[in-house]
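Below: target_39.txt (compact mmCIF, C-alpha atoms and all ligand atoms)
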# COMPACT_ATOMS: atom_id res chain seq x y z
CA MET A 145 0.76 3.02 31.95
CA PRO A 146 2.31 5.49 29.50
CA GLN A 147 -0.15 7.56 27.46
CA THR A 148 -0.92 6.24 24.02
CA LEU A 149 -2.76 7.66 21.03
CA PHE A 150 -3.70 4.21 19.82
CA LYS A 151 -7.16 2.88 20.50
CA ASP A 152 -6.63 -0.36 18.59
CA GLU A 153 -3.27 -0.87 16.93
CA SER A 154 -4.36 -4.13 15.29
CA LYS A 155 -6.43 -2.13 12.82
CA LEU A 156 -3.14 -1.02 11.24
CA ASP A 157 -1.76 -4.53 11.07
CA ILE A 158 -0.91 -5.70 7.56
CA ASN A 159 -3.13 -8.74 7.93
CA TYR A 160 -6.20 -6.83 9.03
CA ILE A 161 -8.98 -6.89 6.44
CA PRO A 162 -11.22 -3.84 6.87
CA ALA A 163 -14.99 -4.23 6.76
CA LYS A 164 -15.15 -1.87 3.80
CA LEU A 165 -12.73 -1.10 1.02
CA PRO A 166 -13.28 2.44 -0.23
CA HIS A 167 -12.76 2.90 -3.98
CA ARG A 168 -12.74 -0.79 -4.79
CA GLU A 169 -16.48 -1.18 -5.17
CA PRO A 170 -16.44 -1.53 -9.00
CA GLN A 171 -13.85 -4.30 -8.82
CA ARG A 172 -15.73 -6.01 -5.99
CA ARG A 173 -18.89 -5.96 -8.11
CA LEU A 174 -16.99 -7.44 -11.03
CA LEU A 175 -15.81 -10.31 -8.86
CA SER A 176 -19.41 -10.85 -7.72
CA GLU A 177 -20.51 -10.97 -11.34
CA PHE A 178 -17.80 -13.39 -12.40
CA PHE A 179 -18.48 -15.75 -9.51
CA GLY A 180 -22.23 -15.22 -9.22
CA PHE A 181 -22.83 -18.72 -10.62
CA ILE A 182 -21.46 -20.23 -7.41
CA LEU A 183 -24.57 -19.01 -5.63
CA ARG A 184 -27.00 -19.60 -8.50
CA CYS A 185 -25.88 -22.81 -10.16
CA PRO A 186 -22.80 -24.32 -8.52
CA GLU A 187 -21.28 -27.34 -10.25
CA ARG A 188 -22.49 -26.10 -13.63
CA MET A 189 -19.43 -24.04 -14.39
CA SER A 190 -16.09 -22.84 -13.08
CA GLN A 191 -14.18 -19.61 -13.46
CA ARG A 192 -10.66 -18.22 -13.57
CA VAL A 193 -9.99 -14.57 -12.86
CA ILE A 194 -6.75 -12.62 -12.71
CA LEU A 195 -6.49 -9.74 -10.23
CA THR A 196 -3.67 -7.43 -11.12
CA GLY A 197 -2.31 -4.09 -9.88
CA ASP A 198 0.78 -2.47 -8.42
CA VAL A 199 2.11 -2.96 -4.92
CA GLY A 200 -0.36 -1.93 -2.21
CA THR A 201 -3.34 -1.42 -4.50
CA GLY A 202 -5.53 -3.77 -2.45
CA LYS A 203 -5.37 -7.03 -4.43
CA THR A 204 -4.99 -9.28 -1.42
CA ALA A 205 -7.44 -7.28 0.66
CA LEU A 206 -10.05 -7.29 -2.12
CA ALA A 207 -9.79 -11.03 -2.75
CA GLN A 208 -10.07 -11.88 0.93
CA HIS A 209 -12.89 -9.44 1.44
CA PHE A 210 -14.75 -10.95 -1.46
CA GLY A 211 -13.97 -14.47 -0.23
CA ALA A 212 -15.53 -13.75 3.15
CA GLU A 213 -18.56 -12.17 1.54
CA ILE A 214 -19.32 -14.99 -0.89
CA THR A 215 -18.71 -17.59 1.82
CA GLY A 216 -21.31 -15.85 3.98
CA GLU A 217 -23.83 -15.82 1.16
CA ALA A 218 -23.19 -19.45 0.25
CA ASN A 219 -23.67 -20.45 3.88
CA LYS A 220 -26.97 -18.61 4.00
CA LYS A 221 -28.13 -20.65 1.02
CA GLY A 222 -26.93 -23.86 2.59
CA LEU A 223 -24.36 -24.41 -0.16
CA LYS A 224 -21.18 -26.26 0.58
CA PHE A 225 -18.52 -23.79 -0.48
CA ARG A 226 -14.99 -22.93 0.61
CA TYR A 227 -12.82 -19.92 -0.16
CA VAL A 228 -9.12 -20.75 0.21
CA HIS A 229 -6.45 -18.07 -0.04
CA VAL A 230 -2.85 -19.22 -0.45
CA ASN A 231 0.19 -17.01 -0.86
CA CYS A 232 2.37 -18.89 -3.35
CA ARG A 233 5.51 -17.10 -2.27
CA GLU A 234 5.11 -18.58 1.19
CA PHE A 235 5.73 -21.96 -0.45
CA ARG A 236 8.40 -20.59 -2.80
CA GLY A 237 6.01 -21.18 -5.65
CA ALA A 238 5.95 -24.97 -5.29
CA LEU A 239 2.61 -26.37 -6.47
CA GLN A 240 2.48 -29.46 -4.26
CA PRO A 241 2.43 -27.73 -0.84
CA ILE A 242 0.03 -25.10 -2.21
CA LEU A 243 -2.44 -27.78 -3.24
CA HIS A 244 -1.84 -29.55 0.05
CA ARG A 245 -2.96 -26.41 1.85
CA ALA A 246 -6.17 -26.44 -0.21
CA ILE A 247 -6.98 -30.07 0.48
CA THR A 248 -6.48 -29.68 4.25
CA THR A 249 -9.56 -27.44 4.44
CA PHE A 250 -11.56 -30.66 4.07
CA ARG A 251 -8.99 -33.24 5.17
CA PRO A 252 -6.94 -31.61 7.93
CA ASN A 253 -4.80 -34.71 8.40
CA PHE A 254 -3.89 -35.18 4.76
CA PRO A 255 -0.17 -36.12 4.69
CA ALA A 256 2.10 -33.29 3.63
CA ARG A 257 4.54 -35.61 1.91
CA GLY A 258 4.38 -38.75 -0.16
CA TYR A 259 2.25 -37.45 -3.03
CA GLY A 260 3.29 -35.39 -6.03
CA ALA A 261 1.49 -32.23 -7.12
CA GLU A 262 -0.50 -34.02 -9.78
CA GLU A 263 -1.69 -36.65 -7.33
CA VAL A 264 -2.69 -34.05 -4.76
CA LEU A 265 -4.63 -32.20 -7.43
CA ALA A 266 -6.48 -35.36 -8.42
CA MET A 267 -7.24 -36.07 -4.77
CA LEU A 268 -8.45 -32.51 -4.23
CA MET A 269 -10.94 -33.01 -7.05
CA GLN A 270 -11.98 -36.31 -5.56
CA VAL A 271 -12.48 -34.79 -2.11
CA LEU A 272 -14.59 -32.01 -3.63
CA ASP A 273 -16.72 -34.66 -5.35
CA GLU A 274 -17.09 -36.62 -2.12
CA GLU A 275 -18.08 -33.52 -0.22
CA GLU A 276 -20.22 -32.25 -3.08
CA ALA A 277 -18.58 -28.90 -2.51
CA THR A 278 -17.27 -26.04 -4.62
CA MET A 279 -14.15 -24.02 -3.96
CA ILE A 280 -12.48 -20.79 -5.02
CA LEU A 281 -8.75 -21.23 -4.67
CA THR A 282 -6.94 -17.90 -4.70
CA LEU A 283 -3.30 -18.13 -5.65
CA ASP A 284 -1.77 -14.89 -4.40
CA GLU A 285 1.65 -13.80 -5.73
CA PHE A 286 1.04 -16.28 -8.51
CA ASP A 287 4.15 -15.10 -10.39
CA SER A 288 6.27 -17.10 -7.94
CA LEU A 289 4.42 -20.26 -8.98
CA ILE A 290 4.94 -19.50 -12.66
CA GLU A 291 8.60 -18.86 -12.02
CA LYS A 292 9.06 -22.08 -10.09
CA GLU A 293 6.80 -24.50 -11.95
CA GLY A 294 6.49 -23.05 -15.45
CA SER A 295 3.84 -23.61 -18.11
CA ASP A 296 3.14 -27.16 -17.24
CA ALA A 297 1.66 -26.50 -13.82
CA VAL A 298 -0.36 -23.53 -15.04
CA TYR A 299 -1.71 -25.63 -17.87
CA LYS A 300 -2.81 -28.33 -15.43
CA LEU A 301 -4.64 -25.84 -13.27
CA THR A 302 -6.34 -23.95 -16.06
CA ARG A 303 -7.37 -27.00 -18.07
CA LEU A 304 -8.53 -28.93 -15.06
CA GLN A 305 -12.22 -28.78 -15.84
CA GLU A 306 -11.82 -29.67 -19.48
CA MET A 307 -10.25 -32.93 -18.33
CA ARG A 308 -13.43 -33.63 -16.40
CA GLN A 309 -15.92 -33.28 -19.22
CA GLY A 310 -19.46 -34.04 -18.13
CA LYS A 311 -18.64 -34.05 -14.44
CA PRO A 312 -19.65 -31.34 -11.97
CA GLN A 313 -17.39 -28.30 -11.99
CA ARG A 314 -16.07 -27.64 -8.54
CA LEU A 315 -12.84 -25.67 -8.57
CA SER A 316 -12.47 -22.02 -9.58
CA PHE A 317 -9.43 -19.79 -9.31
CA ILE A 318 -8.41 -16.24 -8.59
CA PHE A 319 -4.84 -15.58 -9.65
CA ILE A 320 -3.17 -12.51 -8.17
CA MET A 321 -0.10 -10.82 -9.59
CA ARG A 322 1.28 -7.31 -9.78
CA ASP A 323 1.47 -7.34 -13.58
CA LEU A 324 0.98 -9.78 -16.40
CA LYS A 325 4.58 -9.89 -17.49
CA PRO A 326 5.29 -13.22 -15.77
CA THR A 327 2.65 -14.86 -17.98
CA GLU A 328 4.69 -14.02 -21.08
CA VAL A 329 6.90 -17.02 -20.47
CA LEU A 330 3.90 -19.35 -20.66
CA ASP A 331 3.07 -21.09 -23.87
CA ASP A 332 0.20 -19.69 -25.90
CA SER A 333 -2.54 -22.05 -24.80
CA ALA A 334 -1.79 -21.74 -21.09
CA ARG A 335 -1.66 -17.97 -21.43
CA SER A 336 -4.85 -17.65 -23.39
CA THR A 337 -6.90 -19.72 -20.96
CA LEU A 338 -5.44 -17.75 -18.10
CA GLN A 339 -6.03 -14.27 -19.43
CA ARG A 340 -9.70 -14.39 -20.27
CA SER A 341 -10.93 -12.37 -17.30
CA VAL A 342 -8.60 -9.76 -15.92
CA ILE A 343 -9.57 -7.29 -13.21
CA ARG A 344 -7.19 -4.40 -12.93
CA LEU A 345 -6.68 -2.34 -9.77
CA GLU A 346 -5.35 1.09 -10.67
CA ARG A 347 -3.01 2.94 -8.35
CA TYR A 348 -4.78 5.03 -5.73
CA GLY A 349 -4.84 8.78 -6.14
CA LYS A 350 -4.22 11.10 -3.25
CA ILE A 351 -7.90 11.72 -2.50
CA GLN A 352 -8.61 7.99 -2.48
CA LEU A 353 -5.72 7.44 -0.09
CA VAL A 354 -7.12 10.15 2.19
CA ASP A 355 -10.40 8.19 2.34
CA ILE A 356 -8.68 4.89 3.03
CA LEU A 357 -6.43 6.37 5.70
CA SER A 358 -9.22 8.35 7.35
CA ASP A 359 -11.18 5.13 7.85
CA ARG A 360 -8.18 3.50 9.53
CA VAL A 361 -7.52 6.54 11.69
CA LYS A 362 -11.03 6.27 13.12
CA LEU A 363 -10.55 2.60 13.92
CA ALA A 364 -7.02 2.69 15.24
CA PHE A 365 -6.56 6.04 17.02
CA GLU A 366 -8.25 7.97 19.78
CA LEU A 367 -10.49 10.80 18.70
CA GLY A 368 -8.51 13.89 17.75
CA ALA A 369 -5.15 12.11 17.77
CA VAL A 370 -4.59 12.59 14.05
CA PRO A 371 -5.46 16.00 12.56
CA GLU A 372 -6.87 16.11 9.04
CA ASP A 373 -3.80 17.90 7.76
CA VAL A 374 -1.62 15.07 8.94
CA VAL A 375 -3.80 12.47 7.21
CA ASP A 376 -3.37 14.62 4.14
CA LEU A 377 0.40 14.59 4.50
CA VAL A 378 0.53 10.81 4.94
CA ALA A 379 -1.71 10.36 1.89
CA GLU A 380 0.55 12.64 -0.12
CA LEU A 381 3.59 10.57 0.83
CA ALA A 382 1.85 7.27 0.06
CA PHE A 383 0.77 8.74 -3.25
CA SER A 384 4.36 9.63 -4.14
CA GLU A 385 5.24 6.10 -3.14
CA THR A 386 3.33 4.69 -6.17
CA GLY A 387 -0.12 5.06 -4.61
CA ASN A 388 0.68 2.32 -2.13
CA ALA A 389 -1.96 2.06 0.60
CA ARG A 390 0.18 -0.29 2.67
CA PHE A 391 2.94 2.31 2.80
CA GLY A 392 0.46 4.92 4.05
CA ILE A 393 -0.92 2.63 6.74
CA GLU A 394 2.54 1.68 7.94
CA LEU A 395 3.58 5.31 7.98
CA LEU A 396 0.57 6.17 10.14
CA TRP A 397 1.46 3.42 12.55
CA ARG A 398 5.08 4.55 12.83
CA ALA A 399 4.12 8.19 13.19
CA GLY A 400 1.84 7.13 16.05
CA LYS A 401 4.73 5.33 17.67
CA TYR A 402 6.96 8.40 17.42
CA ALA A 403 4.18 10.57 18.84
CA ASP A 404 3.75 8.17 21.78
CA ALA A 405 7.48 8.02 22.38
CA ASN A 406 7.63 11.83 22.51
CA ASP A 407 4.46 12.11 24.60
CA ALA A 408 3.23 14.40 21.84
CA GLY A 409 -0.47 14.12 22.69
CA MET A 410 -1.29 13.96 18.97
CA ILE A 411 0.48 13.11 15.74
CA HIS A 412 2.30 16.24 14.65
CA PRO A 413 3.72 16.61 11.13
CA GLU A 414 7.17 16.19 12.64
CA CYS A 415 6.20 12.68 13.83
CA VAL A 416 5.31 11.80 10.24
CA ARG A 417 8.63 13.14 9.02
CA GLN A 418 10.47 11.14 11.67
CA ALA A 419 8.55 8.04 10.65
CA MET A 420 9.29 8.76 7.01
CA SER A 421 13.01 9.21 7.61
CA SER A 422 13.10 5.89 9.42
CA ILE A 423 11.74 4.31 6.25
CA VAL A 424 13.59 6.27 3.58
CA PRO A 425 17.04 7.75 4.05
CA SER A 426 16.96 11.50 4.57
CA MET A 427 18.94 14.14 2.76
CA ARG A 428 22.54 13.18 2.39
CA ARG A 429 25.32 15.42 3.61
CA SER A 430 26.78 15.71 0.10
CA GLU A 431 23.47 17.09 -1.12
CA ILE A 432 23.55 19.82 1.48
CA GLU A 433 27.16 20.67 0.68
CA SER A 434 26.24 21.11 -2.96
CA LEU A 435 23.77 23.89 -2.16
CA GLY A 436 24.67 27.58 -2.42
CA LEU A 437 24.91 29.72 0.71
CA HIS A 438 21.49 31.34 0.32
CA GLU A 439 19.85 28.08 -0.63
CA ARG A 440 21.09 26.72 2.67
CA LEU A 441 19.96 29.80 4.56
CA PHE A 442 16.53 29.49 3.02
CA LEU A 443 16.36 25.79 3.82
CA LEU A 444 17.38 26.53 7.38
CA ALA A 445 14.51 29.00 7.55
CA VAL A 446 12.17 26.23 6.36
CA ALA A 447 13.53 23.83 8.97
CA ARG A 448 13.15 26.42 11.75
CA TYR A 449 9.65 27.30 10.63
CA PHE A 450 8.43 23.71 10.71
CA LYS A 451 10.23 23.00 13.93
CA GLU A 452 8.45 25.86 15.61
CA ASN A 453 5.03 25.52 13.95
CA GLU A 454 3.00 22.34 14.03
CA GLU A 455 1.76 22.85 10.52
CA VAL A 456 2.03 20.87 7.33
CA TYR A 457 2.20 23.85 4.96
CA ALA A 458 3.83 27.25 5.02
CA SER A 459 3.27 30.04 2.56
CA LEU A 460 6.28 31.42 0.77
CA SER A 461 5.81 34.80 2.44
CA GLU A 462 5.89 33.21 5.89
CA LEU A 463 9.11 31.49 4.94
CA GLU A 464 10.47 34.76 3.59
CA LYS A 465 10.08 36.30 7.06
CA ALA A 466 11.84 33.35 8.69
CA TYR A 467 14.59 33.64 6.09
CA ALA A 468 15.07 37.35 6.85
CA VAL A 469 15.64 36.48 10.51
CA ILE A 470 18.19 33.82 9.58
CA CYS A 471 20.01 36.25 7.27
CA GLU A 472 20.31 38.70 10.11
CA GLU A 473 21.71 35.97 12.31
CA TYR A 474 24.32 35.09 9.71
CA GLU A 475 24.94 38.74 8.75
CA GLU A 476 23.92 38.26 5.16
CA GLN A 477 21.91 40.53 2.90
CA PRO A 478 18.60 38.71 2.16
CA ASN A 479 17.80 37.84 -1.45
CA SER A 480 14.59 38.77 -3.24
CA HIS A 481 11.23 37.01 -3.13
CA THR A 482 11.73 35.83 -6.71
CA GLN A 483 15.05 34.29 -5.72
CA LEU A 484 13.39 32.46 -2.84
CA TRP A 485 10.75 31.18 -5.19
CA SER A 486 13.40 29.71 -7.46
CA TYR A 487 15.22 28.18 -4.46
CA SER A 488 12.02 26.49 -3.39
CA GLN A 489 11.53 25.14 -6.91
CA TYR A 490 15.05 23.79 -7.00
CA LEU A 491 14.80 22.20 -3.54
CA SER A 492 11.54 20.57 -4.50
CA LYS A 493 13.23 19.14 -7.59
CA LEU A 494 15.80 17.62 -5.27
CA GLY A 495 12.91 16.10 -3.30
CA VAL A 496 13.72 18.00 -0.11
CA LEU A 497 10.69 20.27 -0.19
CA LYS A 498 7.38 20.04 -1.87
CA THR A 499 5.83 23.11 -3.42
CA GLU A 500 2.37 23.57 -4.78
CA VAL A 501 0.27 26.45 -5.92
CA ALA A 502 -2.76 26.95 -3.72
CA SER A 503 -5.45 29.43 -4.62
CA ALA A 504 -6.21 31.41 -1.50
CA GLU A 505 -9.69 32.90 -1.68
CA THR A 506 -8.72 36.46 -0.92
CA ARG A 507 -5.17 36.80 -2.17
CA GLY A 508 -5.19 34.94 -5.45
CA ARG A 509 -2.65 32.20 -6.07
CA THR A 510 0.05 31.58 -3.50
CA THR A 511 2.82 29.04 -3.33
CA ARG A 512 2.72 26.79 -0.34
CA VAL A 513 5.66 24.75 0.79
CA SER A 514 5.85 21.59 2.85
CA LEU A 515 8.68 19.52 4.24
CA PRO A 516 7.28 16.06 3.67
CA SER A 517 9.88 13.61 4.82
CA ILE A 518 12.91 15.05 6.58
CA PRO A 519 12.50 15.80 10.28
CA ALA A 520 12.87 19.54 10.70
CA GLU A 521 15.11 19.08 13.70
CA GLU A 522 17.53 16.85 11.84
CA LEU A 523 17.62 19.18 8.85
CA GLU A 524 18.31 22.14 11.11
CA ARG A 525 21.16 20.32 12.80
CA GLN A 526 22.76 19.38 9.50
CA LEU A 527 22.41 22.88 8.07
CA CYS A 528 23.75 24.59 11.17
CA GLY A 529 26.76 22.30 11.00
CA SER A 530 27.37 23.13 7.38
CA LEU A 531 26.78 26.90 7.77
CA GLY A 532 28.87 27.11 10.94
CA TYR A 533 31.79 25.58 9.12
CA GLU A 534 31.46 28.12 6.33
CA ARG A 535 31.39 30.98 8.78
CA ARG A 536 34.57 29.84 10.51
CA ARG A 537 36.27 29.62 7.15
CA ARG A 538 35.64 33.24 6.33
N1 LIG A 601 -9.50 0.27 -0.71
C1 LIG A 601 -8.93 0.00 0.47
N2 LIG A 601 -9.57 0.28 1.62
C2 LIG A 601 -9.01 0.03 2.81
N3 LIG A 601 -7.80 -0.53 2.96
C3 LIG A 601 -7.11 -0.83 1.84
C4 LIG A 601 -7.64 -0.59 0.55
N4 LIG A 601 -6.73 -0.99 -0.36
C5 LIG A 601 -5.70 -1.47 0.32
N5 LIG A 601 -5.90 -1.39 1.65
C6 LIG A 601 -4.98 -1.78 2.71
O1 LIG A 601 -3.68 -1.49 2.26
C7 LIG A 601 -2.78 -2.54 2.56
C8 LIG A 601 -2.21 -3.11 1.28
O2 LIG A 601 -3.22 -3.75 0.54
P1 LIG A 601 -2.99 -5.20 -0.08
O3 LIG A 601 -2.14 -6.01 0.84
O4 LIG A 601 -4.29 -5.75 -0.45
O5 LIG A 601 -2.15 -4.80 -1.37
P2 LIG A 601 -1.67 -5.74 -2.55
O6 LIG A 601 -2.21 -5.15 -3.80
O7 LIG A 601 -1.98 -7.15 -2.25
O8 LIG A 601 -0.10 -5.46 -2.52
P3 LIG A 601 1.10 -6.48 -2.89
O9 LIG A 601 1.23 -6.46 -4.38
O10 LIG A 601 2.29 -5.86 -2.24
O11 LIG A 601 0.77 -7.82 -2.33
C9 LIG A 601 -3.57 -3.55 3.36
O12 LIG A 601 -3.39 -3.27 4.73
C10 LIG A 601 -5.02 -3.27 2.96
O13 LIG A 601 -5.90 -3.60 4.00
MG MG A 602 -0.85 -8.79 -1.75

Would you write out, as structure tokens, the structure that this file holds?
Amino acid sequence: MPQTLFKDESKLDINYIPAKLPHREPQRRLLSEFFGFILRCPERMSQRVILTGDVGTGKTALAQHFGAEITGEANKKGLKFRYVHVNCREFRGALQPILHRAITTFRPNFPARGYGAEEVLAMLMQVLDEEEATMILTLDEFDSLIEKEGSDAVYKLTRLQEMRQGKPQRLSFIFIMRDLKPTEVLDDSARSTLQRSVIRLERYGKIQLVDILSDRVKLAFELGAVPEDVVDLVAELAFSETGNARFGIELLWRAGKYADANDAGMIHPECVRQAMSSIVPSMRRSEIESLGLHERLFLLAVARYFKENEEVYASLSELEKAYAVICEEYEEQPNSHTQLWSYSQYLSKLGVLKTEVASAETRGRTTRVSLPSIPAEELERQLCGSLGYERRRR
């Protein structure tokens, strides 16, 4: 068996719902508040909540986490309750098969065809009455349903209980969508009933992503396989990628795969860069050709440094030393520290490097540089090609 850093890869699977969701506690509590009646006085009321937030902000995870939790509590109280989570996009937004999925939780053999959406909805209500049960139906990626079915369907869903005046209330909804724009096409009454309770999930910040990723690292990797610095780097990249936790988790998984393939023994920063470049295209040749000679020499120094040192960050003075060596190699007079500083600023504007000011305890403020996404080896190869050509030309 080849060596692997993974202890349990499934913990990085996109469908895995972690036991805890760091930094989503306030939103989880809000959901509990909104749906608390299901445990206290089911049948007396129903609820509709919108969960909204950008890609990878934990909407699906939060809803499913909450669904499992409230189901557990309802069971403890002996209440007949079901949480049903349907991804509308899976059914291309068509209401009938979505409702069919909901009804099969009680009637597994309910025919998939032969009834229209409205009929299935009526039968779902009837089944809930027969079973004396309540249900939260979560319609994930709800925008695809709006797009496909329009106002009419949304109106039917949101006004369902009003049509059943005096009868027990049994069906509540969680609607999930990245933003509320899709609801603008709805007519006023459908929109206003829909938008009464909105829970917003803000993008994760870097520190929050570090917490989320650290939890996964513990579950998925062997002890010591992923250094803290590397978690930091992955969080930084996920943060730049709109605060998308899914991106970070996938990046971790890929970096682990690269580390295993190289028998690296742990995830080095270079594995993360390799993983990153397999997701996003790396620096294009034309970008390199557009750089000045000393910008390229400096960048080559950066590439060499990170190839030879398993570190995420380098100080500018460390890079200056590496640059001096490169200049000697290419028989060039090295430029000043200030020049290098402005090169690093320019290269970070291009997105090749990342620079930040760190306050070192003893030496005041220093600039530290990282190479977040381009594998150092690949960058070195490209630069050597470009610089070699130049040399031959002279
Ligand atoms: N607070 C968190 N703690 C732990 N894991 C999280 C957290 N937030 C998100 N995740 C994980 O990040 C990934 C993406 O989350 P999720 O699928 O819920 O995002 P989403 O908001 O539904 O995105 P999309 O809009 O693309 O559907 C999942 O693997 C999820 O488990
Ligand atoms: Mg989702």

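Restricting the atom set to all atoms listed in the file, one finds that the residues within 7 Å of ligand LIG 601 (chain A) amount to Leu156, Asp157, Ile158, Asn159, Tyr160, Ile161, Pro162, Lys164, Leu165, Pro166, His167, Arg168, Gly197, Asp198, Val199, Gly200, Thr201, Gly202, Lys203, Thr204, Ala205, Leu206, Glu285, Met321, Arg322, Ile356, Ala389, Arg390 and Ile393 of chain A.
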
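Distance annotation: of A:Cys528, A:Arg257, A:Ile214, A:Gln208, the residue with the minimal separation from ligand MG 602 (chain A) is A:Gln208; atom set is only C-alpha atoms and all ligand atoms.
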
- [ ] With a distance cut-off of 10 Å and all atoms listed in the file, select the neighbouring residues of stretch 473-475 of chain A, excluding the residue or stretch itself and same-chain residues fewer than 5 positions from it, and output the selection as a PyMOL selection string.
- [x] chain A and resi 441+467-468+531-532+535

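Closest to A:Ser488 among A:Arg440, A:Arg509, A:Lys155, A:Arg525 is A:Arg440, based on only C-alpha atoms.
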
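Among A:Ile320, A:Val298, A:Leu268, A:Leu463, the residue with the shortest atom-to-atom distance to ligand MG 602 (chain A), counting only C-alpha atoms and all ligand atoms, is A:Ile320.
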
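Counting all atoms listed in the file, the residue from A:Met267, A:Leu444, A:Arg308, A:His438 that sits nearest to A:Gln477 is A:His438.
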
Task: Gap from atom CA of A:Leu174 to atom CA of A:Arg344 - Å, one decimal - done: 10.4 Å

Task: Near-A:Val446 list (10 Å; all atoms listed in the file; drop same-chain fewer than 6 positions) as a PyMOL selection string - done: chain A and resi 440+452+458+460+462-464+466-467+488+497+513-515+520+523-524

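The two atoms in question, atom CA of A:Glu372 and atom CA of A:Gln171, are spaced 28.0 Å apart.
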
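Distance annotation: of A:Asn231, A:Gln352, A:Gln191, A:Thr510, the residue with the minimal separation from ligand MG 602 (chain A) is A:Asn231; atom set is all atoms listed in the file.
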
Open item on the list: Report, in Å to a single decimal, how far apart atom CA of A:Val496 and atom CA of A:Ala369 are.
Closed with: 26.7 Å
